[in-house]
Amino acid sequence: MKAKYTIIGLFVIFLISISFNLYSKTKNEWKKIDNLSNQELRNIGSLAKLYGYSRYFYPNQQVLNEIDYIDWYRFLVFASNKVIDSETETEFRNKILKLFTPIVPELSFDTPDDSKSVSANVNESYAWEHYGIGIRLYNNIFHSDIISYNAKQRISLPTPDSMYSLPLNGNMNAYMPLSISYQHSQPSDKLNQLKKDIKKIKFKLATESFLKLAFGKPEKRFAFLQDYHFRMADIIVRWNIIRHFYPYFEEDGLNIKWDDVLKTSLINAVKCKDQFEYYDVVNNMLSYVHDSHISVNKGGYVGGIAAMVLQYYFPDIKLDWCEDKIYLREVPDTLTDKLSIGDVLVSVNDIPIDKLIEKKWDLVSASTKQGKYEALLRERLLGGFTKDSLLRLEFKKINNANQQLKSLANSVS
């Protein structure tokens with residue numbers, strides 16, 4: 001049932017994959033906290049939703065200025081620091097208005113007067129048009145643009161200058177137009193000042209020079225996502241991509257649980273102790289999206305200079321599965337005196353295989369059981385060990401391994 005939209009899914013997932021954030025604070029330490037309070041979750045949750053509406057649906061061309069565009073990661077780090085400790089709804093609204101009105105001048109928390117907010121007869125209007133999520137690769141069909149349109153084209157587009165109610169958290173709604181009857185001709189003073197403020201957020205690629213990274217142990221020296229505000233920003237960006245662009249959002253039941261997934265992911269993000277744990281946090285969040293095209297890239301791309309963020313190592317064997325059993329499909333020549341094709345995997349580092357599968361099952365996004373197993377065997381089941389860690393695999397010998405393998409292969413086909 002999902003086949004006809006596969007290409008859209010692939011595009012969305014590509015963006016999720018490449019967005020594994022490359023930013024970090026300058027101080028050379030991993031920062032975490034024990035938890036987020038309910039008030040802090042409400043504050044950051046409301047920020048997350050307003051960011052999505054403002055970034056993807058309010059047509060302010062000056063925000064996209066190619067020379068001096070808004071860095072949304074920096075903006076979210078800056079904004080989360082400002083609003084997270086708001087103790088009352090009034091305090092939160094005052095802070096959020098100061099942050100967002102340079103981007104959305106009409107933003108309000110007051111119920112609008114509909115008789116004054118609608119301009120249905122204007123000749124030219126501006127709104128977002130999304131086919132995908134905005135990155136154009138090789139002139140493909142995916143694009144996001146602010147378009148202009150006239151009254152005759154307005155049948156399925158928002159009414160210009162009408163204030164739409166956008167739910168944040170609880171009873172709090174924000175109001176903003178999704179189409180406007182004028183262009184933002186130049187950045188306002190407030191927008192210019194906001195851009196200056198967020199540029200003060202410093203990023204550091206690594207804790208060592210590139211030469212030391214190239215010849216050392218990069219898993220110990222990369223400095224991405226050390227500050228939990230950066231991890232929250234990364235979660236917010238990913239969460240909104242699924243919220244607004246995943247074509248099976250309701251079909252997968254995400255409209256019911258996606259807000260709760262945001263809360264859980266934010267809590268796990270601030271509590272994790274290193275990048276390996278954060279990688280699992282992101283995978284767990286995306287496992288709720290039942291699409292086998294999803295994968296989170298462990299490699300960070302930084303201008304063609306550095307490619308690897310997380311150093312993962314895998315044993316030199318090939319595994320396959322059938323009827324909930326994991327068995328050897330290929331054995332390197334150096335191990336043929338100890339292992340045989342068809343041997344069944346019993347445990348990994350003394351963890352029973354069924355327990356390990358259960359532990360890692362929720363770190364994989366797939367629409368079917370087969371897709372889950374294939375993703376586990378491709379990476380997750382034996383991945384995540386450092387180069388120096390001991391990987392102890394216990395296999396159960398079976399009689400007539402070749403016949404057993406043939407039987408397994410037949411049952412799969």
# chains A, B, ... in the order shown; residues from 1 in each chain; ligands from 1
call {"tool": "residues_around", "arguments": {"residues": "Ala174 (chain A)", "least_positions_apart": "2", "cutoff": "7 Å", "atoms": "only C-alpha atoms", "output": "PDB file with all heavy atoms, in the first residue's frame"}}
result
ATOM      1  N   SER A 108       0.862  36.148  16.838  1.00  0.00           N
ATOM      2  CA  SER A 108       0.103  36.615  17.984  1.00  0.00           C
ATOM      3  C   SER A 108      -0.419  35.422  18.777  1.00  0.00           C
ATOM      4  O   SER A 108      -0.565  34.318  18.241  1.00  0.00           O
ATOM      5  CB  SER A 108      -1.088  37.477  17.519  1.00  0.00           C
ATOM      6  OG  SER A 108      -1.926  37.811  18.608  1.00  0.00           O
ATOM      7  N   PHE A 109      -0.688  35.661  20.047  1.00  0.00           N
ATOM      8  CA  PHE A 109      -1.359  34.660  20.872  1.00  0.00           C
ATOM      9  C   PHE A 109      -2.786  35.098  21.210  1.00  0.00           C
ATOM     10  O   PHE A 109      -3.487  34.416  21.951  1.00  0.00           O
ATOM     11  CB  PHE A 109      -0.575  34.421  22.164  1.00  0.00           C
ATOM     12  CG  PHE A 109       0.693  33.646  21.947  1.00  0.00           C
ATOM     13  CD1 PHE A 109       1.913  34.294  21.867  1.00  0.00           C
ATOM     14  CD2 PHE A 109       0.664  32.271  21.807  1.00  0.00           C
ATOM     15  CE1 PHE A 109       3.085  33.584  21.659  1.00  0.00           C
ATOM     16  CE2 PHE A 109       1.832  31.545  21.602  1.00  0.00           C
ATOM     17  CZ  PHE A 109       3.041  32.202  21.527  1.00  0.00           C
ATOM     18  N   SER A 165      -5.187  29.431  13.265  1.00  0.00           N
ATOM     19  CA  SER A 165      -4.925  28.972  14.628  1.00  0.00           C
ATOM     20  C   SER A 165      -4.061  27.721  14.579  1.00  0.00           C
ATOM     21  O   SER A 165      -4.411  26.724  13.929  1.00  0.00           O
ATOM     22  CB  SER A 165      -6.248  28.654  15.328  1.00  0.00           C
ATOM     23  OG  SER A 165      -6.012  28.085  16.599  1.00  0.00           O
ATOM     24  N   LEU A 166      -2.912  27.762  15.251  1.00  0.00           N
ATOM     25  CA  LEU A 166      -1.942  26.669  15.224  1.00  0.00           C
ATOM     26  C   LEU A 166      -1.716  26.176  16.652  1.00  0.00           C
ATOM     27  O   LEU A 166      -1.197  26.903  17.494  1.00  0.00           O
ATOM     28  CB  LEU A 166      -0.627  27.157  14.617  1.00  0.00           C
ATOM     29  CG  LEU A 166      -0.764  27.809  13.233  1.00  0.00           C
ATOM     30  CD1 LEU A 166       0.535  28.452  12.810  1.00  0.00           C
ATOM     31  CD2 LEU A 166      -1.222  26.786  12.199  1.00  0.00           C
ATOM     32  N   PRO A 167      -2.110  24.936  16.959  1.00  0.00           N
ATOM     33  CA  PRO A 167      -2.004  24.429  18.335  1.00  0.00           C
ATOM     34  C   PRO A 167      -0.560  24.200  18.749  1.00  0.00           C
ATOM     35  O   PRO A 167       0.244  23.669  17.991  1.00  0.00           O
ATOM     36  CB  PRO A 167      -2.781  23.107  18.278  1.00  0.00           C
ATOM     37  CG  PRO A 167      -2.713  22.682  16.845  1.00  0.00           C
ATOM     38  CD  PRO A 167      -2.693  23.942  16.038  1.00  0.00           C
ATOM     39  N   LEU A 168      -0.235  24.618  19.962  1.00  0.00           N
ATOM     40  CA  LEU A 168       1.095  24.376  20.525  1.00  0.00           C
ATOM     41  C   LEU A 168       0.983  23.302  21.601  1.00  0.00           C
ATOM     42  O   LEU A 168       1.122  22.124  21.326  1.00  0.00           O
ATOM     43  CB  LEU A 168       1.693  25.672  21.066  1.00  0.00           C
ATOM     44  CG  LEU A 168       1.872  26.791  20.024  1.00  0.00           C
ATOM     45  CD1 LEU A 168       2.540  28.009  20.640  1.00  0.00           C
ATOM     46  CD2 LEU A 168       2.655  26.307  18.814  1.00  0.00           C
ATOM     47  N   MET A 172      -2.889  26.341  24.557  1.00  0.00           N
ATOM     48  CA  MET A 172      -2.165  27.457  23.941  1.00  0.00           C
ATOM     49  C   MET A 172      -2.145  27.325  22.420  1.00  0.00           C
ATOM     50  O   MET A 172      -1.690  26.314  21.877  1.00  0.00           O
ATOM     51  CB  MET A 172      -0.728  27.517  24.469  1.00  0.00           C
ATOM     52  CG  MET A 172       0.032  28.760  23.982  1.00  0.00           C
ATOM     53  SD  MET A 172       1.805  28.716  24.392  1.00  0.00           S
ATOM     54  CE  MET A 172       1.730  28.583  26.177  1.00  0.00           C
ATOM     55  N   MET A 176      -1.062  32.980  13.064  1.00  0.00           N
ATOM     56  CA  MET A 176      -0.229  33.608  12.046  1.00  0.00           C
ATOM     57  C   MET A 176      -0.860  33.353  10.678  1.00  0.00           C
ATOM     58  O   MET A 176      -1.618  32.398  10.504  1.00  0.00           O
ATOM     59  CB  MET A 176       1.201  33.049  12.073  1.00  0.00           C
ATOM     60  CG  MET A 176       1.315  31.612  11.583  1.00  0.00           C
ATOM     61  SD  MET A 176       3.030  31.046  11.366  1.00  0.00           S
ATOM     62  CE  MET A 176       3.576  30.954  13.053  1.00  0.00           C
TER      63      MET A 176
END
call {"tool": "closest_residue", "arguments": {"among": "A:Glu277, A:Asp145, A:Asp252, A:Glu29", "to": "Ile133 (chain A)", "atoms": "only C-alpha atoms"}}
result
A:Asp145
call {"tool": "residues_around", "arguments": {"residues": "Pro187 (chain A)", "least_positions_apart": "5", "cutoff": "9 Å", "atoms": "only C-alpha atoms", "output": "PDB file with N, CA, C and O atoms, in the first residue's frame"}}
result
ATOM      1  N   GLN A  62      12.880  36.831   3.135  1.00  0.00           N
ATOM      2  CA  GLN A  62      14.116  37.356   3.701  1.00  0.00           C
ATOM      3  C   GLN A  62      14.784  36.366   4.660  1.00  0.00           C
ATOM      4  O   GLN A  62      15.990  36.430   4.885  1.00  0.00           O
ATOM      5  N   VAL A  63      14.015  35.466   5.210  1.00  0.00           N
ATOM      6  CA  VAL A  63      14.588  34.437   6.073  1.00  0.00           C
ATOM      7  C   VAL A  63      15.446  33.475   5.253  1.00  0.00           C
ATOM      8  O   VAL A  63      16.386  32.858   5.753  1.00  0.00           O
ATOM      9  N   PRO A 102      10.568  38.670  14.630  1.00  0.00           N
ATOM     10  CA  PRO A 102      11.429  39.073  13.511  1.00  0.00           C
ATOM     11  C   PRO A 102      11.243  38.186  12.286  1.00  0.00           C
ATOM     12  O   PRO A 102      11.481  38.625  11.152  1.00  0.00           O
ATOM     13  N   ASN A 192      17.599  41.353  11.337  1.00  0.00           N
ATOM     14  CA  ASN A 192      19.057  41.480  11.250  1.00  0.00           C
ATOM     15  C   ASN A 192      19.710  41.270  12.612  1.00  0.00           C
ATOM     16  O   ASN A 192      20.756  40.630  12.718  1.00  0.00           O
TER      17      ASN A 192
END
call {"tool": "closest_residue", "arguments": {"among": "A:Asn268, A:Gly170, A:Leu50, A:Tyr182", "to": "Asn123 (chain A)", "atoms": "only C-alpha atoms"}}
result
A:Tyr182
call {"tool": "residues_around", "arguments": {"residues": "Ser179 (chain A)", "least_positions_apart": "3", "cutoff": "6 Å", "atoms": "only C-alpha atoms", "output": "number ranges by chain"}}
result
A: 126-127, 158, 160-161
call {"tool": "closest_residue", "arguments": {"among": "A:Ile198, A:Ile326, A:Ile241, A:Ile341", "to": "Lys82 (chain A)", "atoms": "only C-alpha atoms"}}
result
A:Ile198
call {"tool": "closest_residue", "arguments": {"among": "A:His293, A:Lys318, A:Lys355, A:Lys273", "to": "Lys372 (chain A)", "atoms": "only C-alpha atoms"}}
result
A:His293
call {"tool": "residues_around", "arguments": {"residues": "Glu358 (chain A)", "least_positions_apart": "6", "cutoff": "12 Å", "atoms": "only C-alpha atoms", "output": "VMD selection string"}}
result
chain A and resid 324 351 to 352 364 372 to 373 376 380 to 381
call {"tool": "residues_around", "arguments": {"residues": "Lys271 (chain A)", "least_positions_apart": "6", "cutoff": "7 Å", "atoms": "only C-alpha atoms", "output": "PyMOL selection string"}}
result
chain A and resi 32-35
call {"tool": "write_last_selection", "arguments": {"atoms": "C-alpha atoms", "output": "PDB file, in the first residue's frame"}}
result
ATOM      1  CA  LYS A  32      23.813  16.140  30.160  1.00  0.00           C
ATOM      2  CA  ILE A  33      21.097  16.609  32.750  1.00  0.00           C
ATOM      3  CA  ASP A  34      19.049  14.087  34.674  1.00  0.00           C
ATOM      4  CA  ASN A  35      15.636  15.031  33.331  1.00  0.00           C
TER       5      ASN A  35
END
call {"tool": "atom_distance", "arguments": {"atom1": "CA of Ala269 (chain A)", "atom2": "CA of Val281 (chain A)"}}
result
6.4 Å
call {"tool": "residues_around", "arguments": {"residues": "Leu191 (chain A)", "least_positions_apart": "4", "cutoff": "10 Å", "atoms": "only C-alpha atoms", "output": "ChimeraX atom specification"}}
result
/A:62-63,70,99-105,186-187,195-197
call {"tool": "atom_distance", "arguments": {"atom1": "CA of Phe92 (chain A)", "atom2": "CA of Arg238 (chain A)"}}
result
23.3 Å
call {"tool": "decode", "arguments": {"residues": "region 161-181 of chain A", "atoms": "N, CA, C and O atoms", "output": "PDB file, in the first residue's frame"}}
result
ATOM      1  N   ASP A 161      -3.515  36.712   4.228  1.00  0.00           N
ATOM      2  CA  ASP A 161      -3.571  37.555   5.428  1.00  0.00           C
ATOM      3  C   ASP A 161      -4.558  37.067   6.480  1.00  0.00           C
ATOM      4  O   ASP A 161      -4.792  37.751   7.474  1.00  0.00           O
ATOM      5  N   SER A 162      -5.138  35.897   6.271  1.00  0.00           N
ATOM      6  CA  SER A 162      -6.030  35.344   7.287  1.00  0.00           C
ATOM      7  C   SER A 162      -5.198  34.683   8.371  1.00  0.00           C
ATOM      8  O   SER A 162      -4.242  33.957   8.093  1.00  0.00           O
ATOM      9  N   MET A 163      -5.556  34.921   9.610  1.00  0.00           N
ATOM     10  CA  MET A 163      -4.810  34.391  10.746  1.00  0.00           C
ATOM     11  C   MET A 163      -5.305  32.980  11.070  1.00  0.00           C
ATOM     12  O   MET A 163      -6.475  32.784  11.392  1.00  0.00           O
ATOM     13  N   TYR A 164      -4.408  32.013  10.963  1.00  0.00           N
ATOM     14  CA  TYR A 164      -4.748  30.615  11.226  1.00  0.00           C
ATOM     15  C   TYR A 164      -4.346  30.238  12.648  1.00  0.00           C
ATOM     16  O   TYR A 164      -3.299  30.651  13.149  1.00  0.00           O
ATOM     17  N   SER A 165      -5.187  29.431  13.265  1.00  0.00           N
ATOM     18  CA  SER A 165      -4.925  28.972  14.628  1.00  0.00           C
ATOM     19  C   SER A 165      -4.061  27.721  14.579  1.00  0.00           C
ATOM     20  O   SER A 165      -4.411  26.724  13.929  1.00  0.00           O
ATOM     21  N   LEU A 166      -2.912  27.762  15.251  1.00  0.00           N
ATOM     22  CA  LEU A 166      -1.942  26.669  15.224  1.00  0.00           C
ATOM     23  C   LEU A 166      -1.716  26.176  16.652  1.00  0.00           C
ATOM     24  O   LEU A 166      -1.197  26.903  17.494  1.00  0.00           O
ATOM     25  N   PRO A 167      -2.110  24.936  16.959  1.00  0.00           N
ATOM     26  CA  PRO A 167      -2.004  24.429  18.335  1.00  0.00           C
ATOM     27  C   PRO A 167      -0.560  24.200  18.749  1.00  0.00           C
ATOM     28  O   PRO A 167       0.244  23.669  17.991  1.00  0.00           O
ATOM     29  N   LEU A 168      -0.235  24.618  19.962  1.00  0.00           N
ATOM     30  CA  LEU A 168       1.095  24.376  20.525  1.00  0.00           C
ATOM     31  C   LEU A 168       0.983  23.302  21.601  1.00  0.00           C
ATOM     32  O   LEU A 168       1.122  22.124  21.326  1.00  0.00           O
ATOM     33  N   ASN A 169       0.709  23.685  22.830  1.00  0.00           N
ATOM     34  CA  ASN A 169       0.543  22.700  23.903  1.00  0.00           C
ATOM     35  C   ASN A 169      -0.652  23.056  24.766  1.00  0.00           C
ATOM     36  O   ASN A 169      -0.873  24.227  25.071  1.00  0.00           O
ATOM     37  N   GLY A 170      -1.414  22.047  25.177  1.00  0.00           N
ATOM     38  CA  GLY A 170      -2.562  22.295  26.036  1.00  0.00           C
ATOM     39  C   GLY A 170      -3.559  23.207  25.354  1.00  0.00           C
ATOM     40  O   GLY A 170      -4.009  22.939  24.234  1.00  0.00           O
ATOM     41  N   ASN A 171      -3.910  24.305  26.009  1.00  0.00           N
ATOM     42  CA  ASN A 171      -4.866  25.254  25.459  1.00  0.00           C
ATOM     43  C   ASN A 171      -4.191  26.417  24.737  1.00  0.00           C
ATOM     44  O   ASN A 171      -4.854  27.389  24.373  1.00  0.00           O
ATOM     45  N   MET A 172      -2.889  26.341  24.557  1.00  0.00           N
ATOM     46  CA  MET A 172      -2.165  27.457  23.941  1.00  0.00           C
ATOM     47  C   MET A 172      -2.145  27.325  22.420  1.00  0.00           C
ATOM     48  O   MET A 172      -1.690  26.314  21.877  1.00  0.00           O
ATOM     49  N   ASN A 173      -2.645  28.348  21.743  1.00  0.00           N
ATOM     50  CA  ASN A 173      -2.597  28.412  20.286  1.00  0.00           C
ATOM     51  C   ASN A 173      -1.828  29.651  19.860  1.00  0.00           C
ATOM     52  O   ASN A 173      -1.908  30.700  20.515  1.00  0.00           O
ATOM     53  N   ALA A 174      -1.093  29.520  18.766  1.00  0.00           N
ATOM     54  CA  ALA A 174      -0.473  30.681  18.136  1.00  0.00           C
ATOM     55  C   ALA A 174      -1.277  31.012  16.889  1.00  0.00           C
ATOM     56  O   ALA A 174      -1.927  30.141  16.302  1.00  0.00           O
ATOM     57  N   TYR A 175      -1.228  32.264  16.477  1.00  0.00           N
ATOM     58  CA  TYR A 175      -1.962  32.704  15.292  1.00  0.00           C
ATOM     59  C   TYR A 175      -0.989  33.384  14.344  1.00  0.00           C
ATOM     60  O   TYR A 175      -0.206  34.255  14.747  1.00  0.00           O
ATOM     61  N   MET A 176      -1.062  32.980  13.064  1.00  0.00           N
ATOM     62  CA  MET A 176      -0.229  33.608  12.046  1.00  0.00           C
ATOM     63  C   MET A 176      -0.860  33.353  10.678  1.00  0.00           C
ATOM     64  O   MET A 176      -1.618  32.398  10.504  1.00  0.00           O
ATOM     65  N   PRO A 177      -0.562  34.187   9.705  1.00  0.00           N
ATOM     66  CA  PRO A 177      -1.030  33.900   8.340  1.00  0.00           C
ATOM     67  C   PRO A 177      -0.149  32.845   7.687  1.00  0.00           C
ATOM     68  O   PRO A 177       1.049  32.755   7.970  1.00  0.00           O
ATOM     69  N   LEU A 178      -0.736  32.041   6.820  1.00  0.00           N
ATOM     70  CA  LEU A 178       0.019  31.070   6.034  1.00  0.00           C
ATOM     71  C   LEU A 178       0.171  31.541   4.596  1.00  0.00           C
ATOM     72  O   LEU A 178       0.842  30.890   3.790  1.00  0.00           O
ATOM     73  N   SER A 179      -0.466  32.647   4.289  1.00  0.00           N
ATOM     74  CA  SER A 179      -0.332  33.309   2.993  1.00  0.00           C
ATOM     75  C   SER A 179      -0.417  34.808   3.249  1.00  0.00           C
ATOM     76  O   SER A 179      -1.188  35.255   4.107  1.00  0.00           O
ATOM     77  N   ILE A 180       0.382  35.578   2.526  1.00  0.00           N
ATOM     78  CA  ILE A 180       0.375  37.035   2.732  1.00  0.00           C
ATOM     79  C   ILE A 180       0.244  37.742   1.386  1.00  0.00           C
ATOM     80  O   ILE A 180       0.612  37.185   0.339  1.00  0.00           O
ATOM     81  N   SER A 181      -0.272  38.956   1.428  1.00  0.00           N
ATOM     82  CA  SER A 181      -0.544  39.704   0.191  1.00  0.00           C
ATOM     83  C   SER A 181       0.573  40.675  -0.158  1.00  0.00           C
ATOM     84  O   SER A 181       0.375  41.581  -0.957  1.00  0.00           O
TER      85      SER A 181
END
